[in-house]
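Coordinates as given in data-v8.txt (compact mmCIF, N, CA and C atoms):
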# COMPACT_ATOMS: atom_id res chain seq x y z
N MET A 1 98.04 96.34 106.80
CA MET A 1 97.19 96.38 105.62
C MET A 1 96.49 97.73 105.54
N THR A 2 96.48 98.30 104.36
CA THR A 2 95.87 99.60 104.15
C THR A 2 94.35 99.48 104.15
N ASP A 3 93.69 100.42 104.81
CA ASP A 3 92.23 100.47 104.80
C ASP A 3 91.81 101.37 103.64
N TYR A 4 91.69 100.76 102.45
CA TYR A 4 91.39 101.52 101.24
C TYR A 4 90.01 102.16 101.27
N LEU A 5 89.03 101.48 101.88
CA LEU A 5 87.70 102.09 101.97
C LEU A 5 87.75 103.40 102.74
N LYS A 6 88.54 103.43 103.80
CA LYS A 6 88.68 104.65 104.59
C LYS A 6 89.37 105.74 103.77
N LEU A 7 90.42 105.38 103.04
CA LEU A 7 91.12 106.35 102.19
C LEU A 7 90.18 106.92 101.13
N ILE A 8 89.37 106.05 100.52
CA ILE A 8 88.44 106.51 99.49
C ILE A 8 87.38 107.42 100.11
N ALA A 9 86.90 107.08 101.29
CA ALA A 9 85.91 107.92 101.97
C ALA A 9 86.48 109.30 102.27
N GLU A 10 87.76 109.35 102.69
CA GLU A 10 88.41 110.63 102.98
C GLU A 10 88.65 111.43 101.70
N ARG A 11 89.07 110.74 100.65
CA ARG A 11 89.38 111.37 99.37
C ARG A 11 88.10 111.76 98.64
N GLY A 12 87.07 110.92 98.79
CA GLY A 12 85.81 111.14 98.09
C GLY A 12 85.84 110.55 96.69
N ILE A 13 84.65 110.41 96.12
CA ILE A 13 84.54 110.00 94.73
C ILE A 13 84.10 111.22 93.95
N GLY A 14 84.11 111.15 92.65
CA GLY A 14 83.79 112.31 91.82
C GLY A 14 82.34 112.75 91.92
N ALA A 15 82.10 113.98 91.52
CA ALA A 15 80.75 114.55 91.58
C ALA A 15 79.77 113.75 90.73
N LEU A 16 80.19 113.31 89.54
CA LEU A 16 79.31 112.52 88.69
C LEU A 16 78.98 111.18 89.36
N ASP A 17 79.99 110.55 89.95
CA ASP A 17 79.78 109.28 90.64
C ASP A 17 78.77 109.45 91.78
N GLN A 18 78.87 110.56 92.50
CA GLN A 18 77.93 110.83 93.58
C GLN A 18 76.52 111.04 93.05
N LYS A 19 76.39 111.83 91.97
CA LYS A 19 75.07 112.09 91.38
C LYS A 19 74.40 110.80 90.92
N MET A 20 75.21 109.83 90.51
CA MET A 20 74.66 108.58 90.00
C MET A 20 74.35 107.59 91.12
N GLY A 21 74.69 107.95 92.35
CA GLY A 21 74.35 107.11 93.50
C GLY A 21 75.27 105.91 93.68
N ILE A 22 76.48 106.00 93.16
CA ILE A 22 77.42 104.89 93.27
C ILE A 22 77.93 104.79 94.71
N GLU A 23 77.95 103.56 95.22
CA GLU A 23 78.44 103.31 96.58
C GLU A 23 79.53 102.24 96.53
N ILE A 24 80.72 102.59 96.98
CA ILE A 24 81.84 101.65 97.04
C ILE A 24 81.63 100.77 98.27
N ILE A 25 81.68 99.45 98.08
CA ILE A 25 81.46 98.55 99.22
C ILE A 25 82.67 97.67 99.53
N GLU A 26 83.62 97.60 98.61
CA GLU A 26 84.85 96.83 98.86
C GLU A 26 85.95 97.45 98.01
N ALA A 27 87.15 97.56 98.58
CA ALA A 27 88.23 98.20 97.82
C ALA A 27 89.60 97.66 98.21
N SER A 28 90.28 97.12 97.22
CA SER A 28 91.67 96.72 97.34
C SER A 28 92.24 96.71 95.92
N PRO A 29 93.57 96.67 95.77
CA PRO A 29 94.13 96.61 94.41
C PRO A 29 93.70 95.35 93.65
N GLU A 30 93.28 94.31 94.38
CA GLU A 30 92.89 93.05 93.75
C GLU A 30 91.40 92.98 93.39
N ARG A 31 90.58 93.82 94.04
CA ARG A 31 89.13 93.73 93.82
C ARG A 31 88.46 95.01 94.32
N VAL A 32 87.68 95.63 93.44
CA VAL A 32 86.92 96.82 93.82
C VAL A 32 85.46 96.53 93.47
N VAL A 33 84.56 96.76 94.43
CA VAL A 33 83.15 96.45 94.25
C VAL A 33 82.31 97.68 94.60
N ALA A 34 81.30 97.96 93.77
CA ALA A 34 80.38 99.07 94.05
C ALA A 34 79.01 98.73 93.49
N THR A 35 78.01 99.42 94.02
CA THR A 35 76.65 99.30 93.50
C THR A 35 76.21 100.65 92.94
N MET A 36 75.22 100.58 92.05
CA MET A 36 74.65 101.79 91.46
C MET A 36 73.17 101.53 91.20
N PRO A 37 72.29 102.46 91.59
CA PRO A 37 70.86 102.27 91.31
C PRO A 37 70.57 102.45 89.82
N VAL A 38 69.59 101.69 89.34
CA VAL A 38 69.14 101.87 87.96
C VAL A 38 68.31 103.15 87.88
N GLU A 39 67.41 103.33 88.84
CA GLU A 39 66.55 104.52 88.85
C GLU A 39 67.41 105.79 88.88
N GLY A 40 67.08 106.71 88.00
CA GLY A 40 67.82 107.96 87.91
C GLY A 40 68.99 107.89 86.93
N ASN A 41 69.30 106.68 86.44
CA ASN A 41 70.41 106.49 85.51
C ASN A 41 69.96 105.80 84.23
N THR A 42 68.72 106.07 83.84
CA THR A 42 68.14 105.39 82.68
C THR A 42 68.14 106.28 81.44
N GLN A 43 67.98 105.62 80.29
CA GLN A 43 67.80 106.34 79.04
C GLN A 43 66.30 106.46 78.77
N ALA A 44 65.94 106.99 77.63
CA ALA A 44 64.54 107.33 77.34
C ALA A 44 63.59 106.13 77.38
N PHE A 45 64.09 104.91 77.18
CA PHE A 45 63.23 103.74 77.16
C PHE A 45 63.15 103.04 78.52
N GLY A 46 63.69 103.67 79.57
CA GLY A 46 63.59 103.13 80.92
C GLY A 46 64.63 102.09 81.26
N LEU A 47 65.62 101.92 80.41
CA LEU A 47 66.70 100.96 80.66
C LEU A 47 67.91 101.70 81.21
N LEU A 48 68.73 100.98 81.99
CA LEU A 48 69.97 101.58 82.47
C LEU A 48 70.77 102.07 81.27
N HIS A 49 71.19 103.32 81.31
CA HIS A 49 71.94 103.94 80.22
C HIS A 49 73.30 103.26 80.09
N GLY A 50 73.69 102.95 78.87
CA GLY A 50 75.00 102.34 78.64
C GLY A 50 76.13 103.19 79.16
N GLY A 51 75.97 104.51 79.07
CA GLY A 51 76.99 105.41 79.59
C GLY A 51 77.12 105.32 81.10
N ALA A 52 76.02 104.98 81.77
CA ALA A 52 76.08 104.81 83.23
C ALA A 52 76.95 103.61 83.57
N ASN A 53 76.82 102.53 82.78
CA ASN A 53 77.71 101.38 82.98
C ASN A 53 79.18 101.79 82.85
N VAL A 54 79.47 102.61 81.86
CA VAL A 54 80.85 103.03 81.62
C VAL A 54 81.36 103.92 82.76
N VAL A 55 80.50 104.78 83.29
CA VAL A 55 80.90 105.61 84.44
C VAL A 55 81.25 104.72 85.63
N LEU A 56 80.40 103.73 85.92
CA LEU A 56 80.67 102.81 87.02
C LEU A 56 81.97 102.06 86.77
N ALA A 57 82.14 101.55 85.56
CA ALA A 57 83.36 100.80 85.23
C ALA A 57 84.61 101.66 85.36
N GLU A 58 84.53 102.89 84.88
CA GLU A 58 85.71 103.76 84.94
C GLU A 58 86.10 104.07 86.39
N LEU A 59 85.11 104.31 87.22
CA LEU A 59 85.41 104.57 88.63
C LEU A 59 86.10 103.36 89.26
N LEU A 60 85.55 102.17 89.06
CA LEU A 60 86.10 100.98 89.70
C LEU A 60 87.51 100.67 89.19
N GLY A 61 87.69 100.69 87.88
CA GLY A 61 89.01 100.41 87.32
C GLY A 61 90.03 101.46 87.69
N SER A 62 89.61 102.71 87.72
CA SER A 62 90.52 103.79 88.10
C SER A 62 90.94 103.68 89.56
N LEU A 63 90.00 103.34 90.42
CA LEU A 63 90.34 103.15 91.84
C LEU A 63 91.31 101.98 92.00
N GLY A 64 91.06 100.89 91.29
CA GLY A 64 91.97 99.75 91.35
C GLY A 64 93.38 100.13 90.93
N ALA A 65 93.48 100.88 89.82
CA ALA A 65 94.80 101.31 89.34
C ALA A 65 95.48 102.24 90.34
N TRP A 66 94.71 103.15 90.91
CA TRP A 66 95.26 104.10 91.90
C TRP A 66 95.79 103.36 93.13
N MET A 67 95.04 102.37 93.59
CA MET A 67 95.50 101.59 94.75
C MET A 67 96.73 100.76 94.39
N HIS A 68 96.73 100.15 93.20
CA HIS A 68 97.90 99.39 92.75
C HIS A 68 99.13 100.29 92.67
N ALA A 69 98.94 101.51 92.21
CA ALA A 69 100.05 102.46 92.04
C ALA A 69 100.45 103.12 93.35
N ASP A 70 99.89 102.65 94.45
CA ASP A 70 100.24 103.15 95.78
C ASP A 70 100.03 104.66 95.89
N GLY A 71 98.91 105.14 95.35
CA GLY A 71 98.55 106.54 95.48
C GLY A 71 99.13 107.47 94.44
N LYS A 72 99.95 106.96 93.53
CA LYS A 72 100.45 107.82 92.43
C LYS A 72 99.26 108.21 91.56
N ARG A 73 99.43 109.29 90.82
CA ARG A 73 98.37 109.70 89.90
C ARG A 73 98.23 108.68 88.78
N THR A 74 96.99 108.40 88.42
CA THR A 74 96.71 107.51 87.30
C THR A 74 95.68 108.19 86.40
N VAL A 75 95.77 107.92 85.11
CA VAL A 75 94.80 108.46 84.17
C VAL A 75 94.37 107.35 83.22
N GLY A 76 93.10 107.29 82.94
CA GLY A 76 92.59 106.31 82.00
C GLY A 76 93.02 106.66 80.58
N VAL A 77 93.46 105.66 79.83
CA VAL A 77 93.86 105.89 78.44
C VAL A 77 92.99 105.11 77.46
N ASP A 78 92.23 104.14 77.96
CA ASP A 78 91.34 103.36 77.09
C ASP A 78 90.25 102.73 77.94
N ILE A 79 89.04 102.77 77.43
CA ILE A 79 87.94 102.07 78.09
C ILE A 79 86.99 101.55 77.02
N ASN A 80 86.45 100.37 77.24
CA ASN A 80 85.44 99.83 76.33
C ASN A 80 84.43 99.03 77.14
N ALA A 81 83.25 98.86 76.57
CA ALA A 81 82.20 98.14 77.28
C ALA A 81 81.33 97.38 76.28
N THR A 82 80.94 96.19 76.69
CA THR A 82 79.99 95.39 75.93
C THR A 82 78.75 95.23 76.81
N HIS A 83 77.61 95.63 76.28
CA HIS A 83 76.35 95.56 77.02
C HIS A 83 75.64 94.27 76.61
N HIS A 84 75.45 93.38 77.58
CA HIS A 84 74.90 92.06 77.30
C HIS A 84 73.39 91.98 77.42
N LYS A 85 72.84 92.62 78.44
CA LYS A 85 71.39 92.60 78.62
C LYS A 85 71.00 93.83 79.42
N PRO A 86 69.76 94.30 79.26
CA PRO A 86 69.35 95.53 79.95
C PRO A 86 69.05 95.31 81.43
N ALA A 87 69.21 96.39 82.18
CA ALA A 87 68.76 96.43 83.57
C ALA A 87 67.64 97.46 83.62
N ARG A 88 66.54 97.10 84.26
CA ARG A 88 65.36 97.97 84.28
C ARG A 88 65.02 98.52 85.66
N GLU A 89 65.51 97.85 86.70
CA GLU A 89 65.15 98.26 88.06
C GLU A 89 66.20 97.76 89.04
N GLY A 90 66.06 98.22 90.29
CA GLY A 90 66.97 97.77 91.35
C GLY A 90 68.34 98.40 91.24
N LYS A 91 69.33 97.61 91.59
CA LYS A 91 70.72 98.07 91.56
C LYS A 91 71.54 97.12 90.70
N VAL A 92 72.60 97.67 90.15
CA VAL A 92 73.60 96.82 89.51
C VAL A 92 74.85 96.84 90.39
N THR A 93 75.64 95.79 90.29
CA THR A 93 76.87 95.69 91.06
C THR A 93 78.02 95.51 90.07
N GLY A 94 79.06 96.31 90.27
CA GLY A 94 80.26 96.20 89.45
C GLY A 94 81.40 95.64 90.27
N VAL A 95 82.14 94.71 89.68
CA VAL A 95 83.31 94.11 90.33
C VAL A 95 84.49 94.26 89.38
N ALA A 96 85.51 94.97 89.83
CA ALA A 96 86.72 95.18 89.03
C ALA A 96 87.84 94.29 89.55
N THR A 97 88.48 93.57 88.65
CA THR A 97 89.64 92.74 88.99
C THR A 97 90.73 93.00 87.96
N PRO A 98 91.99 92.89 88.39
CA PRO A 98 93.07 93.21 87.46
C PRO A 98 93.25 92.17 86.36
N VAL A 99 93.53 92.67 85.17
CA VAL A 99 93.95 91.84 84.06
C VAL A 99 95.48 91.82 84.05
N SER A 100 96.07 93.00 84.21
CA SER A 100 97.52 93.12 84.34
C SER A 100 97.84 94.38 85.12
N ARG A 101 98.91 94.31 85.91
CA ARG A 101 99.34 95.47 86.71
C ARG A 101 100.85 95.58 86.61
N GLY A 102 101.30 96.64 85.98
CA GLY A 102 102.73 96.86 85.82
C GLY A 102 103.16 98.16 86.46
N ARG A 103 104.35 98.60 86.08
CA ARG A 103 104.88 99.86 86.63
C ARG A 103 104.29 101.08 85.94
N THR A 104 103.89 100.94 84.67
CA THR A 104 103.38 102.10 83.94
C THR A 104 101.92 101.96 83.50
N LEU A 105 101.43 100.73 83.40
CA LEU A 105 100.04 100.51 83.00
C LEU A 105 99.36 99.53 83.95
N ALA A 106 98.08 99.77 84.17
CA ALA A 106 97.24 98.83 84.93
C ALA A 106 95.95 98.65 84.14
N CYS A 107 95.56 97.41 83.94
CA CYS A 107 94.35 97.10 83.18
C CYS A 107 93.41 96.30 84.08
N TYR A 108 92.15 96.72 84.13
CA TYR A 108 91.14 96.06 84.95
C TYR A 108 89.94 95.67 84.10
N GLU A 109 89.38 94.49 84.41
CA GLU A 109 88.12 94.07 83.83
C GLU A 109 87.03 94.33 84.86
N ILE A 110 85.92 94.86 84.39
CA ILE A 110 84.80 95.16 85.27
C ILE A 110 83.58 94.38 84.78
N VAL A 111 83.03 93.56 85.67
CA VAL A 111 81.83 92.78 85.36
C VAL A 111 80.68 93.43 86.14
N ILE A 112 79.65 93.81 85.41
CA ILE A 112 78.48 94.43 86.02
C ILE A 112 77.31 93.45 85.92
N THR A 113 76.64 93.23 87.06
CA THR A 113 75.53 92.28 87.12
C THR A 113 74.29 92.94 87.71
N ASN A 114 73.13 92.36 87.40
CA ASN A 114 71.88 92.83 87.99
C ASN A 114 71.66 92.12 89.32
N GLU A 115 70.53 92.39 89.96
CA GLU A 115 70.26 91.79 91.27
C GLU A 115 70.07 90.28 91.21
N ALA A 116 69.78 89.75 90.04
CA ALA A 116 69.63 88.30 89.88
C ALA A 116 70.99 87.63 89.62
N GLY A 117 72.05 88.44 89.59
CA GLY A 117 73.38 87.91 89.35
C GLY A 117 73.71 87.70 87.88
N GLU A 118 72.85 88.19 87.00
CA GLU A 118 73.07 88.05 85.56
C GLU A 118 73.99 89.16 85.06
N ARG A 119 74.95 88.79 84.23
CA ARG A 119 75.90 89.77 83.68
C ARG A 119 75.15 90.68 82.70
N THR A 120 75.25 91.98 82.95
CA THR A 120 74.61 92.95 82.07
C THR A 120 75.63 93.70 81.23
N CYS A 121 76.88 93.76 81.69
CA CYS A 121 77.91 94.50 80.99
C CYS A 121 79.29 93.98 81.39
N THR A 122 80.19 93.97 80.43
CA THR A 122 81.60 93.69 80.70
C THR A 122 82.39 94.85 80.14
N ALA A 123 83.26 95.43 80.96
CA ALA A 123 84.08 96.56 80.52
C ALA A 123 85.54 96.30 80.85
N ARG A 124 86.41 97.04 80.17
CA ARG A 124 87.84 96.96 80.45
C ARG A 124 88.40 98.36 80.37
N ILE A 125 89.24 98.72 81.35
CA ILE A 125 89.89 100.02 81.35
C ILE A 125 91.39 99.83 81.54
N THR A 126 92.16 100.60 80.79
CA THR A 126 93.60 100.64 80.94
C THR A 126 93.97 102.02 81.45
N SER A 127 94.77 102.07 82.50
CA SER A 127 95.19 103.34 83.11
C SER A 127 96.70 103.46 83.05
N LEU A 128 97.14 104.67 82.81
CA LEU A 128 98.56 105.02 82.81
C LEU A 128 98.93 105.48 84.21
N ILE A 129 100.02 104.94 84.74
CA ILE A 129 100.51 105.33 86.07
C ILE A 129 101.58 106.40 85.87
N LEU A 130 101.33 107.59 86.41
CA LEU A 130 102.26 108.71 86.25
C LEU A 130 103.25 108.74 87.40
N ASN A 131 104.46 109.15 87.12
CA ASN A 131 105.51 109.18 88.15
C ASN A 131 105.68 110.54 88.79
N ASN A 132 104.73 111.43 88.62
CA ASN A 132 104.84 112.73 89.28
C ASN A 132 103.56 113.10 89.97

Show the structure stored in the file as structure tokens.
Amino acid sequence: MTDYLKLIAERGIGALDQKMGIEIIEASPERVVATMPVEGNTQAFGLLHGGANVVLAELLGSLGAWMHADGKRTVGVDINATHHKPAREGKVTGVATPVSRGRTLACYEIVITNEAGERTCTARITSLILNN
């Protein structure tokens, strides 16, 4: 069994993901989990920025697609997010699970929750798997 957390630690996550304080805590093609602090990622009214949710979702879905593609290059071709309720403090947790995984496309749903376990955002990303 591949130790995906170790591979991700060696490969690193993106500079934006690091600036936002995202921490990967579980990683496999079937499930990717990470946390992100609300503090430092808010908009002018003190709420978690919707774009921060999308950054978290894109990282998780992209990692899932990359692991599914066995390390081949993947690129996101579509992402969307529905914001259900605001997060004001603490951390949010994102969990990405596959919707479909094929030879050329992988689609993941990402559910983001607050510390009380309440869903704050649902996102979906589709990634193209490149053969070079």

- Item | Residue neighbourhood stretch 94-97 of chain A, 7 Å, all atoms listed in the file, exclusion window fewer than 3 positions, as JSON, numbers by chain | {"A": [29, 30, 31, 32, 33, 34, 35, 36, 56, 57, 60, 61, 100, 107, 108, 109, 110, 111, 112, 113]}

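The residue that comes closest to A:Val92, out of A:Gly71, A:Gly76, A:Gly51, A:Pro37 and on the basis of only C-alpha atoms, is A:Pro37.
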
- Item | Those in chain A with strand (DSSP E) from DSSP, as a PyMOL selection string | chain A and resi 23-28+31-37+74-83+91-101+105-113+119-129

- Residues near A:Ala123, cut-off 5 Å, all atoms listed in the file, skip fewer than 2 positions along chain, as a list of chain:residue names: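 Non-adjacent residues within range: A:Asn80, A:Ala81, A:Thr82, A:Glu109, A:Ile110, A:Cys121, A:Ile125.
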
- Message: Could you list, as number ranges by chain, every residue within 8 Å of stretch 13-18 of chain A, counting only N, CA and C atoms and ignoring same-chain residues fewer than 3 positions away?
- Response: A: 8-10, 21-23, 55-56, 59

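The shortest atom-to-atom distance to A:Glu39, with all atoms listed in the file taken into account, belongs to A:Ala87 out of A:Ile25, A:Ala65, A:Leu7, A:Ala87.
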
- Item | Distance in Å - atom C of A:Val75 versus atom C of A:Lys19 | 21.7 Å

- Item | Interatomic distance, atom N of A:Leu5 to atom CA of A:Met67 (Å, one decimal) | 9.6 Å

- Task: From a DSSP pass on the backbone, collect the residues of chain A flagged as alpha helix (DSSP H) and hand them back as an MDAnalysis selection string.
- Result: chainID A and resid 4:11 15:19 50:68

With N, CA and C atoms kept, could you save the residues just selected as an mmCIF file, in the frame of the given file?
data_model
loop_
_atom_site.group_PDB
_atom_site.id
_atom_site.type_symbol
_atom_site.label_atom_id
_atom_site.label_comp_id
_atom_site.auth_asym_id
_atom_site.auth_seq_id
_atom_site.Cartn_x
_atom_site.Cartn_y
_atom_site.Cartn_z
ATOM 1 N N TYR A 4 91.690 100.760 102.450
ATOM 2 C CA TYR A 4 91.390 101.520 101.240
ATOM 3 C C TYR A 4 90.010 102.160 101.270
ATOM 4 N N LEU A 5 89.030 101.480 101.880
ATOM 5 C CA LEU A 5 87.700 102.090 101.970
ATOM 6 C C LEU A 5 87.750 103.400 102.740
ATOM 7 N N LYS A 6 88.540 103.430 103.800
ATOM 8 C CA LYS A 6 88.680 104.650 104.590
ATOM 9 C C LYS A 6 89.370 105.740 103.770
ATOM 10 N N LEU A 7 90.420 105.380 103.040
ATOM 11 C CA LEU A 7 91.120 106.350 102.190
ATOM 12 C C LEU A 7 90.180 106.920 101.130
ATOM 13 N N ILE A 8 89.370 106.050 100.520
ATOM 14 C CA ILE A 8 88.440 106.510 99.490
ATOM 15 C C ILE A 8 87.380 107.420 100.110
ATOM 16 N N ALA A 9 86.900 107.080 101.290
ATOM 17 C CA ALA A 9 85.910 107.920 101.970
ATOM 18 C C ALA A 9 86.480 109.300 102.270
ATOM 19 N N GLU A 10 87.760 109.350 102.690
ATOM 20 C CA GLU A 10 88.410 110.630 102.980
ATOM 21 C C GLU A 10 88.650 111.430 101.700
ATOM 22 N N ARG A 11 89.070 110.740 100.650
ATOM 23 C CA ARG A 11 89.380 111.370 99.370
ATOM 24 C C ARG A 11 88.100 111.760 98.640
ATOM 25 N N ALA A 15 82.100 113.980 91.520
ATOM 26 C CA ALA A 15 80.750 114.550 91.580
ATOM 27 C C ALA A 15 79.770 113.750 90.730
ATOM 28 N N LEU A 16 80.190 113.310 89.540
ATOM 29 C CA LEU A 16 79.310 112.520 88.690
ATOM 30 C C LEU A 16 78.980 111.180 89.360
ATOM 31 N N ASP A 17 79.990 110.550 89.950
ATOM 32 C CA ASP A 17 79.780 109.280 90.640
ATOM 33 C C ASP A 17 78.770 109.450 91.780
ATOM 34 N N GLN A 18 78.870 110.560 92.500
ATOM 35 C CA GLN A 18 77.930 110.830 93.580
ATOM 36 C C GLN A 18 76.520 111.040 93.050
ATOM 37 N N LYS A 19 76.390 111.830 91.970
ATOM 38 C CA LYS A 19 75.070 112.090 91.380
ATOM 39 C C LYS A 19 74.400 110.800 90.920
ATOM 40 N N GLY A 50 73.690 102.950 78.870
ATOM 41 C CA GLY A 50 75.000 102.340 78.640
ATOM 42 C C GLY A 50 76.130 103.190 79.160
ATOM 43 N N GLY A 51 75.970 104.510 79.070
ATOM 44 C CA GLY A 51 76.990 105.410 79.590
ATOM 45 C C GLY A 51 77.120 105.320 81.100
ATOM 46 N N ALA A 52 76.020 104.980 81.770
ATOM 47 C CA ALA A 52 76.080 104.810 83.230
ATOM 48 C C ALA A 52 76.950 103.610 83.570
ATOM 49 N N ASN A 53 76.820 102.530 82.780
ATOM 50 C CA ASN A 53 77.710 101.380 82.980
ATOM 51 C C ASN A 53 79.180 101.790 82.850
ATOM 52 N N VAL A 54 79.470 102.610 81.860
ATOM 53 C CA VAL A 54 80.850 103.030 81.620
ATOM 54 C C VAL A 54 81.360 103.920 82.760
ATOM 55 N N VAL A 55 80.500 104.780 83.290
ATOM 56 C CA VAL A 55 80.900 105.610 84.440
ATOM 57 C C VAL A 55 81.250 104.720 85.630
ATOM 58 N N LEU A 56 80.400 103.730 85.920
ATOM 59 C CA LEU A 56 80.670 102.810 87.020
ATOM 60 C C LEU A 56 81.970 102.060 86.770
ATOM 61 N N ALA A 57 82.140 101.550 85.560
ATOM 62 C CA ALA A 57 83.360 100.800 85.230
ATOM 63 C C ALA A 57 84.610 101.660 85.360
ATOM 64 N N GLU A 58 84.530 102.890 84.880
ATOM 65 C CA GLU A 58 85.710 103.760 84.940
ATOM 66 C C GLU A 58 86.100 104.070 86.390
ATOM 67 N N LEU A 59 85.110 104.310 87.220
ATOM 68 C CA LEU A 59 85.410 104.570 88.630
ATOM 69 C C LEU A 59 86.100 103.360 89.260
ATOM 70 N N LEU A 60 85.550 102.170 89.060
ATOM 71 C CA LEU A 60 86.100 100.980 89.700
ATOM 72 C C LEU A 60 87.510 100.670 89.190
ATOM 73 N N GLY A 61 87.690 100.690 87.880
ATOM 74 C CA GLY A 61 89.010 100.410 87.320
ATOM 75 C C GLY A 61 90.030 101.460 87.690
ATOM 76 N N SER A 62 89.610 102.710 87.720
ATOM 77 C CA SER A 62 90.520 103.790 88.100
ATOM 78 C C SER A 62 90.940 103.680 89.560
ATOM 79 N N LEU A 63 90.000 103.340 90.420
ATOM 80 C CA LEU A 63 90.340 103.150 91.840
ATOM 81 C C LEU A 63 91.310 101.980 92.000
ATOM 82 N N GLY A 64 91.060 100.890 91.290
ATOM 83 C CA GLY A 64 91.970 99.750 91.350
ATOM 84 C C GLY A 64 93.380 100.130 90.930
ATOM 85 N N ALA A 65 93.480 100.880 89.820
ATOM 86 C CA ALA A 65 94.800 101.310 89.340
ATOM 87 C C ALA A 65 95.480 102.240 90.340
ATOM 88 N N TRP A 66 94.710 103.150 90.910
ATOM 89 C CA TRP A 66 95.260 104.100 91.900
ATOM 90 C C TRP A 66 95.790 103.360 93.130
ATOM 91 N N MET A 67 95.040 102.370 93.590
ATOM 92 C CA MET A 67 95.500 101.590 94.750
ATOM 93 C C MET A 67 96.730 100.760 94.390
ATOM 94 N N HIS A 68 96.730 100.150 93.200
ATOM 95 C CA HIS A 68 97.900 99.390 92.750
ATOM 96 C C HIS A 68 99.130 100.290 92.670
#

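What separates atom CA of A:Gly46 from atom C of A:Ser62 is a distance of 28.7 Å.
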